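The next block is protein-v2.cif, given as mmCIF, C-alpha atoms.
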```cif
data_protein
loop_
_atom_site.label_atom_id
_atom_site.label_comp_id
_atom_site.auth_asym_id
_atom_site.auth_seq_id
_atom_site.Cartn_x
_atom_site.Cartn_y
_atom_site.Cartn_z
CA MET A 1 9.44 0.83 20.47
CA PRO A 2 9.90 -2.85 21.45
CA ASP A 3 6.89 -5.15 21.61
CA VAL A 4 6.87 -6.72 25.07
CA ASP A 5 4.98 -9.76 23.75
CA ARG A 6 7.38 -10.69 20.95
CA GLU A 7 11.10 -10.92 21.63
CA ARG A 8 12.49 -9.22 18.50
CA ALA A 9 9.46 -7.25 17.30
CA TRP A 10 9.36 -3.49 17.02
CA LEU A 11 6.82 -0.75 16.41
CA LEU A 12 7.93 2.29 14.40
CA THR A 13 6.02 5.52 15.00
CA VAL A 14 6.36 8.75 13.03
CA ASP A 15 5.12 11.94 14.69
CA GLY A 16 3.24 9.80 17.20
CA ALA A 17 1.38 7.76 14.55
CA PRO A 18 2.06 4.01 14.19
CA GLN A 19 3.86 3.57 10.87
CA SER A 20 5.30 0.06 10.74
CA TYR A 21 5.59 -3.14 12.75
CA VAL A 22 8.46 -5.55 12.21
CA ASP A 23 9.18 -8.92 13.77
CA LEU A 24 12.76 -9.79 12.90
CA ASP A 25 12.20 -13.45 13.79
CA ALA A 26 8.97 -13.75 11.78
CA PRO A 27 9.02 -11.34 8.81
CA GLN A 28 5.92 -13.02 7.41
CA HIS A 29 3.94 -11.76 10.44
CA LEU A 30 1.91 -8.66 9.53
CA GLU A 31 0.49 -6.90 12.56
CA PHE A 32 -1.38 -3.91 11.14
CA GLU A 33 -4.74 -4.47 9.47
CA TYR A 34 -3.85 -2.56 6.30
CA ALA A 35 -0.54 -4.44 5.98
CA ARG A 36 -2.34 -7.77 6.30
CA ARG A 37 -4.69 -6.74 3.48
CA LEU A 38 -1.80 -5.70 1.27
CA GLY A 39 -0.17 -9.02 2.09
CA HIS A 40 -3.29 -10.92 1.05
CA VAL A 41 -3.30 -9.15 -2.31
CA LEU A 42 0.41 -9.89 -2.77
CA ASP A 43 -0.29 -13.55 -2.02
CA THR A 44 -2.77 -13.73 -4.93
CA VAL A 45 -0.99 -11.84 -7.72
CA ALA A 46 1.10 -14.84 -8.80
CA GLU A 47 1.64 -18.51 -8.00
CA PRO A 48 2.50 -18.98 -4.31
CA GLY A 49 6.22 -18.70 -3.67
CA SER A 50 7.14 -17.47 -7.14
CA PRO A 51 9.51 -14.47 -7.16
CA LEU A 52 8.35 -11.02 -8.25
CA ASP A 53 9.92 -7.74 -9.27
CA VAL A 54 8.38 -5.23 -6.86
CA LEU A 55 8.67 -1.47 -6.48
CA HIS A 56 7.73 0.00 -3.09
CA LEU A 57 7.02 3.71 -2.80
CA GLY A 58 7.43 4.47 0.89
CA GLY A 59 9.78 2.47 3.09
CA GLY A 60 8.90 2.87 6.75
CA GLY A 61 10.11 -0.19 8.64
CA LEU A 62 10.42 -2.18 5.37
CA THR A 63 7.68 -4.51 6.58
CA LEU A 64 6.28 -5.58 3.21
CA PRO A 65 9.69 -5.97 1.52
CA ARG A 66 10.69 -8.29 4.38
CA TYR A 67 7.39 -10.17 3.99
CA LEU A 68 7.93 -10.72 0.26
CA ALA A 69 11.55 -11.76 0.78
CA ALA A 70 10.27 -14.44 3.18
CA THR A 71 7.21 -15.58 1.22
CA ARG A 72 8.61 -15.17 -2.31
CA PRO A 73 12.36 -15.86 -2.11
CA GLY A 74 14.35 -14.58 -5.06
CA SER A 75 12.16 -11.52 -5.55
CA ARG A 76 13.90 -8.32 -6.64
CA GLN A 77 12.64 -5.31 -4.73
CA ASP A 78 13.34 -1.59 -4.92
CA VAL A 79 12.24 0.63 -2.03
CA VAL A 80 11.97 4.41 -2.47
CA GLU A 81 11.85 6.45 0.73
CA ALA A 82 12.25 10.25 0.87
CA ASP A 83 13.31 10.37 4.53
CA ARG A 84 16.98 9.40 4.55
CA ALA A 85 17.34 9.68 8.33
CA LEU A 86 14.37 7.36 8.86
CA LEU A 87 15.72 4.81 6.39
CA GLU A 88 19.17 4.85 8.00
CA MET A 89 17.68 4.42 11.48
CA VAL A 90 15.52 1.49 10.37
CA VAL A 91 18.41 -0.30 8.66
CA GLU A 92 20.65 0.25 11.70
CA HIS A 93 18.19 -1.00 14.30
CA LEU A 94 16.18 -3.46 12.18
CA PRO A 95 18.75 -4.81 9.69
CA LEU A 96 17.62 -6.57 6.55
CA PRO A 97 18.50 -10.26 6.22
CA GLY A 98 21.42 -11.10 3.98
CA GLY A 99 20.53 -11.88 0.39
CA ALA A 100 17.05 -10.39 0.72
CA GLY A 101 17.23 -8.81 -2.75
CA ILE A 102 16.03 -5.44 -1.42
CA THR A 103 17.64 -2.26 -2.81
CA LEU A 104 17.01 1.02 -0.99
CA HIS A 105 16.78 4.44 -2.64
CA THR A 106 16.45 7.85 -1.00
CA ALA A 107 14.32 9.97 -3.32
CA ASP A 108 10.92 11.55 -3.83
CA ALA A 109 8.52 8.78 -4.83
CA ARG A 110 7.10 10.44 -7.94
CA ALA A 111 10.43 11.78 -9.17
CA TRP A 112 11.97 8.31 -8.87
CA LEU A 113 8.94 6.73 -10.54
CA GLU A 114 9.08 9.09 -13.51
CA ALA A 115 12.77 8.33 -14.04
CA ALA A 116 12.47 4.54 -13.64
CA PRO A 117 12.63 2.21 -16.66
CA ALA A 118 9.34 1.27 -18.29
CA ASP A 119 7.90 -2.23 -17.80
CA CYS A 120 10.26 -3.01 -14.92
CA ALA A 121 7.89 -4.18 -12.17
CA ASP A 122 5.32 -6.89 -11.59
CA VAL A 123 3.87 -5.04 -8.61
CA LEU A 124 3.97 -1.44 -7.39
CA VAL A 125 3.08 -0.87 -3.74
CA ALA A 126 2.38 2.76 -2.78
CA ASP A 127 2.36 3.38 0.97
CA VAL A 128 3.51 6.98 1.16
CA PHE A 129 2.41 9.26 3.95
CA GLY A 130 3.75 12.69 4.86
CA GLY A 131 2.92 12.47 8.55
CA SER A 132 -0.55 10.92 8.34
CA ARG A 133 -1.50 12.20 4.87
CA VAL A 134 -0.89 10.95 1.33
CA PRO A 135 1.03 13.73 -0.48
CA ALA A 136 -0.93 15.62 -3.14
CA HIS A 137 1.52 14.89 -5.98
CA LEU A 138 0.82 11.16 -5.57
CA THR A 139 -2.91 11.48 -6.23
CA SER A 140 -3.28 12.68 -9.83
CA VAL A 141 -3.86 11.12 -13.25
CA ALA A 142 -0.29 12.04 -14.23
CA TYR A 143 0.97 10.07 -11.23
CA ALA A 144 -1.30 7.12 -12.12
CA ARG A 145 0.09 7.13 -15.66
CA ALA A 146 3.65 7.17 -14.29
CA ALA A 147 2.78 4.14 -12.16
CA GLU A 148 1.27 2.33 -15.13
CA ARG A 149 4.39 3.00 -17.22
CA VAL A 150 6.71 1.12 -14.87
CA LEU A 151 4.36 -1.85 -14.53
CA ARG A 152 4.39 -4.73 -16.98
CA TYR A 153 1.11 -5.28 -18.78
CA ASP A 154 0.04 -7.97 -16.32
CA GLY A 155 1.30 -5.92 -13.36
CA VAL A 156 -0.68 -4.82 -10.33
CA TYR A 157 -0.77 -1.47 -8.52
CA LEU A 158 -1.55 -1.40 -4.78
CA ALA A 159 -2.04 1.66 -2.61
CA ASN A 160 -2.73 2.23 1.05
CA LEU A 161 -5.11 5.19 1.39
CA ALA A 162 -7.10 6.67 4.28
CA ASP A 163 -10.39 8.56 4.41
CA ALA A 164 -13.81 8.79 6.04
CA ALA A 165 -17.36 9.52 4.88
CA PRO A 166 -18.33 11.20 2.60
CA PHE A 167 -15.10 9.80 1.02
CA ALA A 168 -14.30 12.75 -1.24
CA PHE A 169 -10.61 11.77 -1.33
CA LEU A 170 -11.08 8.02 -1.71
CA ARG A 171 -13.75 8.38 -4.39
CA SER A 172 -11.54 10.79 -6.34
CA GLN A 173 -8.66 8.31 -6.19
CA LEU A 174 -10.80 5.54 -7.63
CA ALA A 175 -12.01 7.90 -10.36
CA THR A 176 -8.40 8.88 -11.09
CA PHE A 177 -7.13 5.32 -11.46
CA ALA A 178 -10.19 4.35 -13.50
CA VAL A 179 -8.85 6.70 -16.21
CA VAL A 180 -5.68 4.61 -16.51
CA PHE A 181 -6.53 1.04 -15.44
CA GLU A 182 -9.33 -1.26 -16.56
CA GLU A 183 -9.81 -3.18 -13.29
CA LEU A 184 -10.24 -1.61 -9.86
CA VAL A 185 -10.77 -3.23 -6.46
CA LEU A 186 -11.45 -1.51 -3.15
CA ILE A 187 -10.74 -3.30 0.15
CA ALA A 188 -11.65 -1.92 3.57
CA GLU A 189 -13.22 -2.77 6.89
CA PRO A 190 -17.04 -2.73 6.61
CA ALA A 191 -17.32 -0.06 9.33
CA VAL A 192 -15.10 2.25 7.30
CA LEU A 193 -17.08 1.71 4.10
CA ARG A 194 -20.32 2.33 5.99
CA GLY A 195 -18.95 5.70 7.09
CA ARG A 196 -18.78 4.86 10.78
CA ARG A 197 -15.13 5.77 11.25
CA PHE A 198 -11.95 7.05 9.61
CA GLY A 199 -9.71 4.25 8.39
CA ASN A 200 -7.46 2.71 5.78
CA ALA A 201 -8.60 1.42 2.40
CA ILE A 202 -6.61 -0.58 -0.12
CA LEU A 203 -6.83 0.31 -3.81
CA VAL A 204 -5.92 -2.40 -6.33
CA ALA A 205 -5.59 -1.46 -10.02
CA ALA A 206 -4.67 -3.61 -13.01
CA HIS A 207 -5.35 -4.21 -16.70
CA HIS A 208 -6.50 -7.77 -16.09
CA PRO A 209 -9.12 -9.34 -13.81
CA VAL A 210 -8.07 -9.70 -10.19
CA ASP A 211 -8.72 -13.01 -8.41
CA ILE A 212 -11.75 -11.74 -6.50
CA PRO A 213 -12.87 -15.12 -5.05
CA ALA A 214 -9.41 -15.78 -3.57
CA LEU A 215 -9.18 -12.23 -2.23
CA ALA A 216 -12.65 -12.38 -0.72
CA ARG A 217 -11.85 -15.67 1.03
CA LEU A 218 -8.62 -14.32 2.50
CA MET A 219 -10.22 -11.06 3.65
CA ALA A 220 -13.21 -12.83 5.20
CA ALA A 221 -11.04 -15.34 7.06
CA ASP A 222 -8.64 -12.74 8.45
CA ALA A 223 -8.63 -11.82 12.14
CA PHE A 224 -9.68 -8.35 10.91
CA PRO A 225 -12.27 -9.11 8.19
CA ALA A 226 -12.58 -6.73 5.26
CA ARG A 227 -14.98 -6.21 2.40
CA VAL A 228 -13.88 -6.54 -1.24
CA GLU A 229 -15.67 -4.22 -3.69
CA HIS A 230 -15.23 -4.49 -7.47
CA GLY A 231 -17.13 -3.98 -10.72
CA PRO A 232 -20.53 -2.39 -10.12
CA GLY A 233 -19.74 -1.88 -6.43
CA VAL A 234 -16.73 0.28 -7.26
CA LYS A 235 -18.65 2.23 -9.91
CA HIS A 236 -21.42 2.90 -7.41
CA PHE A 237 -18.86 4.03 -4.84
CA ILE A 238 -17.19 6.43 -7.32
CA ALA A 239 -20.58 7.92 -8.27
CA ASP A 240 -19.96 11.40 -9.70
CA ALA A 241 -16.40 11.84 -8.42
CA ARG A 242 -13.94 13.31 -10.91
CA ALA A 243 -10.38 12.30 -11.74
CA VAL A 244 -7.70 14.55 -10.19
CA ARG A 245 -5.37 16.71 -12.26
CA ASP A 246 -1.98 17.84 -10.95
CA GLU A 247 -3.06 21.46 -10.62
CA GLU A 248 -6.01 20.58 -8.35
CA ALA A 249 -4.47 17.73 -6.35
CA VAL A 250 -4.70 17.86 -2.56
CA PRO A 251 -3.34 15.57 0.17
CA SER A 252 -5.56 12.98 1.82
CA PRO A 253 -7.55 14.37 4.77
CA ASN A 254 -6.10 14.78 8.22
CA PRO A 255 -7.16 11.87 10.43
CA PRO A 256 -9.17 12.81 13.52
CA ASP A 257 -7.30 12.85 16.82
CA GLY A 258 -6.61 9.34 17.99
CA ALA A 259 -7.48 7.66 14.70
CA PHE A 260 -4.03 6.09 14.41
CA GLY A 261 -2.81 6.42 17.97
CA VAL A 262 -0.61 3.92 19.77
CA GLY A 263 -2.34 1.71 22.31
#
```
What would the structure in this file look like if it were written as structure tokens?
Amino acid sequence: MPDVDRERAWLLTVDGAPQSYVDLDAPQHLEFEYARRLGHVLDTVAEPGSPLDVLHLGGGGLTLPRYLAATRPGSRQDVVEADRALLEMVVEHLPLPGGAGITLHTADARAWLEAAPADCADVLVADVFGGSRVPAHLTSVAYARAAERVLRYDGVYLANLADAAPFAFLRSQLATFAVVFEELVLIAEPAVLRGRRFGNAILVAAHHPVDIPALARLMAADAFPARVEHGPGVKHFIADARAVRDEEAVPSPNPPDGAFGVG
């Protein structure tokens, strides 16, 4: 769907839910709140402008790969998207710029991850939704270990998740990644964290301290401010939640009607 306010900007919807927003003239523009938050984290994981090796699980409109190609020229990026028809449509109607360094793969995210070389990525961005739900096989400790394997020791894992109070899914995801990674950060709109509405939350996981002051400044100054929880705040949020094993994994909850509607 074209954006009437921006000449070459487009909204991609999947099953009626907004999935991606792309401005071909300004790839550094991130429209969606969750994408802006992922972008802020990506801005802080290395020196500004320095290239990164990035693995994206979930392609959509290729918004974040375009953003990184614009803000960190020379980055090498692999994008894994299971929906071949969607990927072909996006590339046809919203072509990637020449020399962007973005390689596209049609495959199941976890299967591709488990077959990828070890220590091959500086950042892994997981934004995989089957309809409006994170698939169950991308929520377990085994999946978290597969993600850790492809990351270099100083690498960073980012995931876009969605939940609402009492946060059974989100809390279990934090507990799951706490088994594998030493540092966890949770980023979300205050109203979501207070349980007032269903919404997106960003999970950041690493083996080294994340630049919390820089992240907090960026999130607070954004047009859509978000809260950054880490350390004791994350432990308090996890409470008694348990890590997820493959055999008990479930998808993220269905969003309520209208939670991610267009307009």
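Every protein or nucleic acid residue with an atom no more than 12 Å from Val134 (chain A), counting all atoms listed in the file and leaving out same-chain residues fewer than 4 positions away, appears here: Leu57, Gly58, Ala109, Ala126, Asp127, Val128, Phe129, Gly130, Leu138, Thr139, Ser140, Ala159, Asn160, Leu161, Ala162, Asp163, Phe169, Leu170, Gln173, Asn200, Ala249, Val250, Pro251, Ser252, Pro253, Asn254 and Pro255 of chain A.
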Compile the contact shell of region 174-191 of chain A as a ChimeraX atom specification: residues with an atom at most 7 Å away, counting all atoms listed in the file, same-chain residues fewer than 4 positions apart removed. /A:140-141,144-145,170,195-197,200-209,225-230,234,238,241-244
Contact residues around Val45 (chain A) with only C-alpha atoms at 10 Å, ignoring same-chain residues under 4 positions, as a PyMOL selection string: chain A and resi 40-41+50+52+122-123+154-156+210-211+215
Can I get the selected residues back with C-alpha atoms, as a PDB file, in the coordinates of the input?
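Result saved to out15.pdb:
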```pdb
ATOM      1  CA  HIS A  40      -3.290 -10.920   1.050  1.00  0.00           C
ATOM      2  CA  VAL A  41      -3.300  -9.150  -2.310  1.00  0.00           C
ATOM      3  CA  SER A  50       7.140 -17.470  -7.140  1.00  0.00           C
ATOM      4  CA  LEU A  52       8.350 -11.020  -8.250  1.00  0.00           C
ATOM      5  CA  ASP A 122       5.320  -6.890 -11.590  1.00  0.00           C
ATOM      6  CA  VAL A 123       3.870  -5.040  -8.610  1.00  0.00           C
ATOM      7  CA  ASP A 154       0.040  -7.970 -16.320  1.00  0.00           C
ATOM      8  CA  GLY A 155       1.300  -5.920 -13.360  1.00  0.00           C
ATOM      9  CA  VAL A 156      -0.680  -4.820 -10.330  1.00  0.00           C
ATOM     10  CA  VAL A 210      -8.070  -9.700 -10.190  1.00  0.00           C
ATOM     11  CA  ASP A 211      -8.720 -13.010  -8.410  1.00  0.00           C
ATOM     12  CA  LEU A 215      -9.180 -12.230  -2.230  1.00  0.00           C
TER      13      LEU A 215
END
```
Report, in Å to a single decimal, how far apart CA of Thr106 (chain A) and CA of Ala26 (chain A) are.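 Separation between CA of Ala26 (chain A) and CA of Thr106 (chain A): 26.2 Å.
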So that each row is one residue of region 38-121 of chain A with an atom at most 10 Å from region 4-16 of chain A, can you give its shortest atom pair and the distance in Å to one decimal, using all atoms listed in the file, rows by chain and rising number, as a tab-separated table?
```
residue	atom	partner	partner_atom	distance
A:Gly60	CA	A:Leu12	CA	7.7
A:Gly61	CA	A:Leu12	CA	6.6
A:Leu86	CA	A:Val14	CA	9.1
A:Val90	CA	A:Leu12	CA	8.6
A:His93	CA	A:Trp10	CA	9.6
A:Leu94	CA	A:Trp10	CA	8.4
```
From CA of Gly98 (chain A) to CA of Ala115 (chain A) the spacing works out at 27.9 Å
Determine, counting all atoms listed in the file, which protein, DNA and RNA residues have an atom within 9 Å of an atom of Ala70 (chain A); residues of the same chain fewer than 2 positions away are not included. Present the result as a PDB file with C-alpha atoms, keeping the file's coordinate frame.
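And here's part_31.pdb as it stands now:
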```pdb
ATOM      1  CA  ALA A  26       8.970 -13.750  11.780  1.00  0.00           C
ATOM      2  CA  PRO A  27       9.020 -11.340   8.810  1.00  0.00           C
ATOM      3  CA  GLN A  28       5.920 -13.020   7.410  1.00  0.00           C
ATOM      4  CA  PRO A  65       9.690  -5.970   1.520  1.00  0.00           C
ATOM      5  CA  ARG A  66      10.690  -8.290   4.380  1.00  0.00           C
ATOM      6  CA  TYR A  67       7.390 -10.170   3.990  1.00  0.00           C
ATOM      7  CA  LEU A  68       7.930 -10.720   0.260  1.00  0.00           C
ATOM      8  CA  ARG A  72       8.610 -15.170  -2.310  1.00  0.00           C
ATOM      9  CA  PRO A  73      12.360 -15.860  -2.110  1.00  0.00           C
ATOM     10  CA  ALA A 100      17.050 -10.390   0.720  1.00  0.00           C
TER      11      ALA A 100
END
```
Chain and number of each residue from the PyMOL selection byres ((chain A and resi 79-82) around 7), as a tab-separated table (two decimals) with C-alpha atoms, keeping the file's coordinate frame:
```tsv
chain	number	residue	atom	x	y	z
A	55	LEU	CA	8.67	-1.47	-6.48
A	56	HIS	CA	7.73	0.00	-3.09
A	57	LEU	CA	7.02	3.71	-2.80
A	58	GLY	CA	7.43	4.47	0.89
A	59	GLY	CA	9.78	2.47	3.09
A	77	GLN	CA	12.64	-5.31	-4.73
A	78	ASP	CA	13.34	-1.59	-4.92
A	83	ASP	CA	13.31	10.37	4.53
A	84	ARG	CA	16.98	9.40	4.55
A	103	THR	CA	17.64	-2.26	-2.81
A	104	LEU	CA	17.01	1.02	-0.99
A	105	HIS	CA	16.78	4.44	-2.64
A	106	THR	CA	16.45	7.85	-1.00
A	107	ALA	CA	14.32	9.97	-3.32
A	108	ASP	CA	10.92	11.55	-3.83
A	109	ALA	CA	8.52	8.78	-4.83
```
Please provide as a list in words all residues within 9 Å of Tyr143 (chain A), with the sequence filter that same-chain residues fewer than 3 positions apart are discarded (counting only C-alpha atoms).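 The contact residues come out as Arg110, Leu113, Glu114, His137, Leu138, Thr139, Ser140, Ala146, Ala147, Glu148 and Asp246 of chain A.
Distances here use only C-alpha atoms; by that measure, the residue among A:Ala116, A:Val125, A:Asp240, A:Leu30 closest to Leu158 (chain A) is A:Val125.
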